[in-house]
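Note sheet for the following structure.
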Amino acid sequence: MRNVLIILIMMVISSSCLSNDKNKLVTIYPAPKGEELSQEYIVAVERKQVPVYKAKIAPADKERRWKAMDDHANSADYFDTAAFAYFDINGKVTVTVTIPSTINSAKILPSSANIVPTIKGKTLTFVLNKPQKLTIDINGEWIRSLHLFANPFETDVPDKNDPDVIYFGPGIHEITHMEVGDNKTIYIAGGAIVKAMIGADEKFGISSYSGLKTYSPTIVLKGNNIKVRGRGILDAGSCTTHARNLLVVRGTDILLEDIIFRDPSTWTIPVWNSQNVRIDNIKILGYRANSDGIDICSSSNVAVNDCFIRTLDDLVVIKTPGKRGEARHIVVQGCVLWNQLAHALSIGAELTNDVDDVVFRNCDVIHEQGREWSLRVFHSDAATISNVRFENIRIEESQRLISLWIGDAVWSKDKERGNIRDIVFKDIDAHGTPLNIELVGADKDHKVDGVLFQNVKINGQALTQQNIKSNDNVANVSVKP
């Protein structure tokens with residue numbers, strides 16, 4: 001009888017624990033010891049305080065932003081500081097943000113999230129119904145913003161004792177160069193920061209582009225069935241500008257998901273000659289020269305889903321440099337983007353092989369501060385770029401909206417120019433001044449041919465042919481309705 005009673009008690013306790021886990025609304029990961037946190041924001045979710053991290057970002061002054069790109073040797077000197085916090089939710093939660101001074105106004109971006117906060121004194125409050133990536137601009141401050149990364153609850157956390165798992169638990173870790181092969185998983189836990197370092201004995205080269213020292217990438221995924229997962233941070237703040245990529249993909253059946261990339265020293269995630277790559281729910285914050293977000297190079301069947309990217313250089317870009325192969329069947333969707341200098345969603349330059357079947361869909365560009373273009377095909381080589389769709393894209397601010405361009409540029413490698421064919425811009429809602437649109441072919445044999453603008457709105461007004469500037473080497477352009 002006593003044994004039966006003990007079993008019944010254990011069953012009740014077990015049931016209670018399961019019920020508590022099921023009803024849990026938020027998971028918060030403590031910051032690792034030694035990490036300097038932001039003092040500009042206090043964030044709480046369901047009354048539980050969340051660590052707020054610092055991130056260097058490009059400054060507001062455009063001259064200093066331009067120098068961050070053009071003055072490679074001193075690129076790291078031109079920055080400001082924003083903040084971010086991350087947590088997991090499992091249902092509707094209440095979020096509060098407090099700052100040291102009175103809040104007079106606040107904007108939660110993207111606007112398509114339709115979240116309006118309640119403001120009282122130094123605190124704003126709002127309800128979050130689902131995992132999202134939000135940016136909060138308070139009192140007109142749109143550089144030193146707060147980024148909130150609300151993730152879904154984690155499932156299927158790998159076993160740290162599994163020999164195929166490279167496990168970084170909570171705390172600060174330092175690595176230099178790591179090659180990861182077939183069937184391996186890198187897991188960076190919530191509360192972990194993995195710092196990319198330059199080892200004293202590492203060999204270096206000299207970049208022909210910047211003249212700065214370059215090293216092997218921090219992490220190279222080389223093989224089949226490789227995953228990089230977790231809620232933690234991969235950080236290159238200790239690396240000199242242009243020193244190394246944070247993570248390079250060279251494989252098949254690759255998954256990157258959930259982690260945060262901070263302060264890349266050059267391209268953050270180049271995907272080279274790879275197939276069947278999925279990049280989900282990652283976040284990238286960068287400010288230095290050539291700190292591209294995701295560069296998809298000569299790869300096929302690549303999906304970029306539900307990511308947040310705020311970098312100085314291109315955010316998501318597709319290239320085929322150096323005759324290394326074509327790029328095909330690529331989808332970029334559900335992303336929130338902050339363009340600080342270059343392009344938000346683009347193809348090119350460096351297009352020496354064909355690009356076909358690309359879709360940029362359902363994305364929000366929340367800030368556009370660049371000197372380039374929001375949506376672009378930038379073609380200075382000999383390939384054919386075809387079947388590209390930009391659809392259901394919301395752009396909160398822009399100056400140079402759309403560009404399809406063929407011509408000679410500093411990036412040109414081929415003697416002849418190529419062609420751009422069959423491009424669709426559909427359900428685009430853009431705001432800003434002057435919102436330029438340009439279509440430029442190189443000559444009668446190298447044209448922009450077949451462009452459809454369907455339901456494109458500029459500052460709430462339907463696009464007309466008069467809004468489009470084109471030269472004589474452009475054909476078959478239509479605007480609907």
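Labeling convention for the structure tokens: chains A, B, ... as they appear, residues from 1 per chain, ligands from 1 in order of appearance.
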
Give me the residues near region 246-252 of chain A as JSON, numbers by chain, where near means some atom within 7 Å (using only C-alpha atoms) and where sequence neighbours in that chain fewer than 2 positions away do not count. {"A": [217, 218, 219, 220, 221, 222, 223, 224, 225, 236, 244, 254, 264, 268, 269, 270, 271, 272, 273, 274, 275, 276, 277]}

Residues within 7 Å of Leu341 (chain A), only C-alpha atoms, excluding chain neighbours under 2 positions, as a short mmCIF file (atom, residue, chain, number, x, y, z; two decimals) with all heavy atoms, in the first residue's frame:
```cif
data_model
loop_
_atom_site.label_atom_id
_atom_site.label_comp_id
_atom_site.auth_asym_id
_atom_site.auth_seq_id
_atom_site.Cartn_x
_atom_site.Cartn_y
_atom_site.Cartn_z
N LEU A 312 25.92 47.44 -42.36
CA LEU A 312 26.36 48.59 -43.16
C LEU A 312 26.27 48.30 -44.65
O LEU A 312 25.86 49.16 -45.43
CB LEU A 312 27.79 48.97 -42.78
CG LEU A 312 28.30 50.26 -43.45
CD1 LEU A 312 27.59 51.48 -42.90
CD2 LEU A 312 29.81 50.39 -43.26
N ASP A 313 26.66 47.11 -45.05
CA ASP A 313 26.67 46.78 -46.48
C ASP A 313 25.43 45.95 -46.82
O ASP A 313 24.49 45.91 -46.04
CB ASP A 313 27.98 46.04 -46.81
CG ASP A 313 28.43 46.28 -48.25
OD1 ASP A 313 27.59 46.65 -49.08
OD2 ASP A 313 29.63 46.10 -48.53
N ASN A 339 18.53 48.86 -43.69
CA ASN A 339 19.64 49.12 -44.60
C ASN A 339 20.36 50.39 -44.19
O ASN A 339 19.80 51.47 -44.24
CB ASN A 339 19.11 49.24 -46.03
CG ASN A 339 20.20 49.47 -47.04
OD1 ASN A 339 21.35 49.13 -46.82
ND2 ASN A 339 19.85 50.07 -48.15
N GLN A 369 18.70 53.85 -45.10
CA GLN A 369 19.60 55.01 -44.99
C GLN A 369 20.70 55.00 -46.04
O GLN A 369 21.69 55.70 -45.92
CB GLN A 369 20.25 54.99 -43.60
CG GLN A 369 19.27 54.95 -42.44
CD GLN A 369 19.97 54.53 -41.16
OE1 GLN A 369 20.15 53.35 -40.89
NE2 GLN A 369 20.37 55.51 -40.36
N GLY A 370 20.55 54.17 -47.06
CA GLY A 370 21.67 53.89 -47.95
C GLY A 370 21.93 54.93 -49.01
O GLY A 370 21.12 55.82 -49.28
N ARG A 371 23.08 54.77 -49.64
CA ARG A 371 23.41 55.59 -50.81
C ARG A 371 23.23 54.76 -52.09
O ARG A 371 23.52 55.22 -53.18
CB ARG A 371 24.85 56.11 -50.70
CG ARG A 371 25.92 55.04 -50.70
CD ARG A 371 27.30 55.63 -50.44
NE ARG A 371 28.36 54.64 -50.51
CZ ARG A 371 29.62 54.85 -50.15
NH1 ARG A 371 29.97 56.03 -49.66
NH2 ARG A 371 30.53 53.91 -50.25
N GLU A 372 22.76 53.52 -51.93
CA GLU A 372 22.48 52.66 -53.09
C GLU A 372 20.96 52.54 -53.26
O GLU A 372 20.27 53.53 -53.18
CB GLU A 372 23.15 51.30 -52.88
CG GLU A 372 24.67 51.37 -52.73
CD GLU A 372 25.39 51.81 -53.99
OE1 GLU A 372 24.76 51.81 -55.07
OE2 GLU A 372 26.58 52.16 -53.90
#
```

I need the residue nearest Leu404 (chain A) from this list: A:Lys283, A:Arg144, A:Lys319, A:Lys447. Use only C-alpha atoms for the distance.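 For Leu404 (chain A), the nearest of the given residues is A:Lys447.
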
If you count only C-alpha atoms, the residue of A:Glu416, A:Glu397, A:Asp422, A:Glu350 closest to Asp445 (chain A) turns out to be A:Glu416

Nearest to Val359 (chain A) by atom-to-atom distance, counting only C-alpha atoms, from A:Thr266, A:Ser470, A:Thr433, A:Asn387: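 Comparing A:Thr266, A:Ser470, A:Thr433, A:Asn387 against Val359 (chain A), the winner is A:Asn387.
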
Using DSSP secondary structure from the backbone, list all strand (DSSP E) positions within region 318-435 of chain A, as an MDAnalysis selection string. chainID A and resid 318:320 327:333 336:339 345:351 355:368 375:379 384:406 419:435

Quick one: contact table of region 82-126 of chain A to region 27-48 of chain A, 12 Å max, nearest atom pair and distance in Å to one decimal per residue, counting only C-alpha atoms, chain and number order, as CSV?
```
residue,atom,partner,partner_atom,distance
A:Ala82,CA,A:Ser38,CA,8.5
A:Ala83,CA,A:Ser38,CA,6.5
A:Phe84,CA,A:Ser38,CA,8.5
A:Ala85,CA,A:Val43,CA,7.7
A:Tyr86,CA,A:Ile28,CA,7.7
A:Phe87,CA,A:Ile28,CA,5.1
A:Asp88,CA,A:Thr27,CA,5.0
A:Ile89,CA,A:Thr27,CA,6.5
A:Asn90,CA,A:Thr27,CA,8.6
A:Gly91,CA,A:Glu46,CA,11.1
A:Lys92,CA,A:Glu46,CA,9.6
A:Val93,CA,A:Glu46,CA,6.0
A:Thr94,CA,A:Glu46,CA,5.3
A:Val95,CA,A:Val45,CA,4.6
A:Thr96,CA,A:Ala44,CA,5.3
A:Val97,CA,A:Val43,CA,4.7
A:Thr98,CA,A:Ile42,CA,5.0
A:Ile99,CA,A:Tyr41,CA,5.0
A:Pro100,CA,A:Glu40,CA,6.9
A:Ser101,CA,A:Glu40,CA,9.7
A:Ile103,CA,A:Tyr41,CA,11.9
A:Lys122,CA,A:Tyr41,CA,10.2
A:Thr123,CA,A:Ile42,CA,9.1
A:Leu124,CA,A:Val43,CA,9.9
A:Thr125,CA,A:Ala44,CA,9.6
A:Phe126,CA,A:Val45,CA,10.0
```

Taking 3 positions as the minimum chain separation for residues in the same chain, which residues sit within 12 Å of Gly325 (chain A) when counting only C-alpha atoms? Answer as a VMD selection string. chain A and resid 272 to 275 296 to 300 319 to 322 328 350 to 356 383
